[in-house]
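Student: My questions all concern the structure below.
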Amino acid sequence: MASDVLSRGIRLLRDPHRNKSTAFTQAEREQLGLLGLVPEGVDTEETQLRRVLLQLGQKTTDLERYIYLSALQDNDETLYYKTLMSDPEHFMPLVYTPTVGEACQKYGHILRRPRGLYLSINRRGRVRELLRNWPEQDIRFAVVTDGERILGLGDLGVNGMGIPVGKLALYTACAGVPPQVTLPITLDVGTNNETLLADPLYLGLRQPRVRGKEYDAFLEEFVTAVQEVFPRCCIQFEDFANFHAVPLLARYRDRVCCYNDDIQGTAAVAVAGISAALRILGTGWKDQTFLFLGAGSAGTGIAELICLAMTRDGLALEEARQRCWLVDVNGLIESSRTDLADFQKPFAHAHAPLRGFLAAVEAIRPTGIIGVSTVPKLFDQPVIEAMARINERPIIFPYSNPTSRSECTAEEAYKWSQGRAIFASGSPFPPVQYGGKTFVPGQGNNVYIFPALGLAIYATQARRVTDELFLCAATSVAEQVTQANLDMGLIYPPQSDILNTSIQVATRVAELIFERGLAGVPRPADVGDFIQSKLYRPEYHSAV
Ligand code: NAD
């Protein structure tokens with residue numbers, strides 16, 4: 001049956017934005033041709049939520065819960081977000097990391113209904129046309145990946161689509177960005193993943209990745225087409241390989257409204273953690289020296305934003321950079337090294353060549369160490385003990401994900417520093433008992449930053465995304481941390497209250513967007529009320 005001859009009632013039931021399923025009222029059922037298409041009982045939203053929770057409880061694996069929730073999103077979007085927003089701390093790991101990692105690996109196997117837009121490099125010259133196939137016209141947020149570096153899992157080709165889909169769900173669930181203005185996109189330029197290429201159920205192009213000029217031209221066509229088809233759209237680059245992520249951001253950040261969460265969001269969440277740590281220390285940015293284990297996009301991104309924070313605290317940029325040192329797989333980044341990428345060079349200070357992280361700790365005597373190496377266990381006992389000898393309260397941030405890659409555990413950091421470490425990690429750790437005290441480790445999760453920033457950009461129709469906006473978001477997250485949180489060692493706000501945290505952060509960022517003349521709308525009298533007025537709420541609306 002063609003869709004234009006489908007009855008009005010069936011069309012409603014198949015439209016996830018408007019479907020209320022068993023919650024359609026008697027009046028709606030009468031007037032919209034729904035009688036008989038749903039069972040006679042009329043459910044409240046609470047009853048529907050109970051049914052969802054019951055079914056989720058009966059699933060035996062998180063992947064099954066992920067699949068169930070995806071189907072719910074396809075079927076009844078309001079109920080999906082009502083579920084997520086009823087307990088964000090519980091549902092985030094199911095719709096995003098870590099479960100989304102396994103879901104991406106198996107995307108071609110678990111697919112029910114495609115979601116998002118797949119732009120294949122074979123459609124070059126037709127990207128505008130494909131964008132116009134999307135049913136919504138006022139897209140404000142596109143999260144885009146080419147699937148080459150999905151989480152820590154590497155090249156997953158079009159299976160990477162799980163990431164833009166999951167990330168955009170968090171924009172809505174954690175900050176109230178309306179789902180209909182969001183668009184997940186995967187650029188299919190092939191894959192070098194042999195397992196996927198050999199898998200008969202793989203969904204994407206079966207060819208090696210296109211590189212070089214052809215790749216760049218495709219990206220250029222994509223960015224230009226988005227501006228044309230969705231002129232108010234912000235592009236968030238996500239999980240591109242490093243050698244593309246850094247140049248892409250450099251090429252487009254001053255041309256269009258865009259950002260890269262892996263680089264800038266990570267930087268902001270680390271800076272938020274340090275800002276809160278400084279409240280414990282009672283010192284300022286300019287009194288700190290940081291040593292990074294890992295000098296990739298996360299490490300250099302964090303170092304750059306730390307420098308911006310230090311300049312706000314009175315240091316010259318060059319002085320700030322002198323307080324950030326990085327170690328990579330070949331040792332300390334210093335000025336005699338000839339193997340450095342451009343983005344590492346600002347941190348190549350004069351120093352004798354050095355190998356081994358402990359030797360670097362002893363030589364640089366940092367106040368904080370940040371692990372972004374992807375290699376587990378490198379913050380070992382001698383390293384933590386050295387940090388605890390050099391500092392009364394050492395800052396210890398093992399940020400590598402997932403948990404199995406963390407440079408140390410929370411327990412190790414607290415134990416080896418005799419409970420003095422100020423700790424946060426990339427992956428969550430349970431509370432730790434040490435010396436008669438309970439420590440609650442914070443998780444430096446980008447979710448404190450990108451949904452709130454997204455809400456501010458959406459509400460103000462910002463034209464550009466500057467590093468200053470990320471610094472503002474970071475500072476504002478740190479301000480949400482209460483003294484009671486700090487007393488437990490917790491340097492991030494509780495994730496259970498993420499929506500309220502995001503609203504506060506978005507308000508501060510929106511104020512700055514207006515102040516800097518970056519907004520596409522006039523400044524309202526009260527920015528807080530203005531942000532509130534833009535929020536999506538997971539409630540059914542009358543259909544008659
Ligand atoms: P990357 O591959 O770009 O960089 C890794 C860096 O680590 C490179 O400089 C490499 O030389 C260095 N390295 C590798 N082995 C090393 C060793 N044995 N000793 C010293 N250095 C070594 O990766 P990335 O994108 O920068 O991400 C790094 C890690 O940060 C990942 O594990 C990622 O999960 C994590 N991360 C966490 C968050 C977060 O928690 N909010 C956000 C982004 C990234």
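Residue numbers start at 1 in each chain; chains themselves are named A, B, ... in the order of the structure tokens; ligands are numbered from 1 in the order shown.
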Return as a PyMOL selection string the full set of residues in stretch 131-327 of chain A whose backbone-based DSSP assignment is strand (DSSP E).

Tutor: chain A and resi 141-145+182-188+234-237+258-260+290-293+324-327

Student: For ligand 1, list the contacting residues at 6 Å or closer, counting only C-alpha atoms and all ligand atoms, as a ChimeraX atom specification.

Tutor: /A:152,242,262,266,293-299,327-329,372-375,399-401,426,444-446

Student: As an exercise, work out the distance from atom CA of A:Tyr118 to atom CA of A:Gln73 in Å and give it to one decimal place.

Tutor: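 So the answer is 18.6 Å.
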
Student: Using only C-alpha atoms, which residues of stretch 337-452 of chain A come within 8 Å of stretch 155-176 of chain A, and what is the closest atom pair for each, with the distance in Å to one decimal? Give it as a tab-separated table, sorted by chain and residue number.

Tutor:
residue	atom	partner	partner_atom	distance
A:Val447	CA	A:Leu170	CA	7.5
A:Phe450	CA	A:Tyr171	CA	7.3
A:Pro451	CA	A:Tyr171	CA	4.3
A:Ala452	CA	A:Ala175	CA	5.6

Student: Which neighbours of A:Arg65 fall inside 9 Å, counting only C-alpha atoms, when residues of the same chain fewer than 5 positions from it are skipped, and could you give them as a CSV table (one decimal) with N, CA and C atoms, in the first residue's frame?

Tutor:
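Saved the output as part-v4.csv:
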chain,number,residue,atom,x,y,z
A,55,GLN,N,10.4,-4.3,30.4
A,55,GLN,CA,11.0,-5.1,29.3
A,55,GLN,C,12.6,-5.0,29.3
A,56,LEU,N,13.0,-3.8,29.6
A,56,LEU,CA,14.5,-3.6,29.7
A,56,LEU,C,15.1,-4.5,30.8
A,57,GLY,N,14.3,-4.6,31.9
A,57,GLY,CA,14.8,-5.4,33.0
A,57,GLY,C,14.9,-6.9,32.7
A,59,LYS,N,15.8,-8.0,29.7
A,59,LYS,CA,16.9,-8.3,28.8
A,59,LYS,C,18.1,-8.8,29.5
A,60,THR,N,18.9,-9.6,28.9
A,60,THR,CA,20.1,-10.2,29.7
A,60,THR,C,21.4,-9.5,29.3
A,70,SER,N,16.8,1.4,20.7
A,70,SER,CA,16.8,1.9,19.3
A,70,SER,C,15.5,1.8,18.7
A,94,LEU,N,24.0,3.0,28.2
A,94,LEU,CA,23.3,2.0,27.3
A,94,LEU,C,23.1,2.6,25.9
A,95,VAL,N,22.9,3.9,25.8
A,95,VAL,CA,22.7,4.4,24.4
A,95,VAL,C,24.0,5.0,23.9

Student: Quick one: residues within 12 Å of A:Asp342, only C-alpha atoms counted, chain neighbours fewer than 5 positions away excluded, as a list of chain:residue names?

Tutor: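 What passes the distance filter is A:Phe243, A:Val246, A:Pro247, A:Ala250, A:Ala295, A:Gly296, A:Ser297, A:Thr300, A:Phe347, A:Ala348.
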
Student: One decimal, Å: what's the distance from atom CA of A:Leu248 over to atom CA of A:Trp134, could you say?

Tutor: 24.5 Å
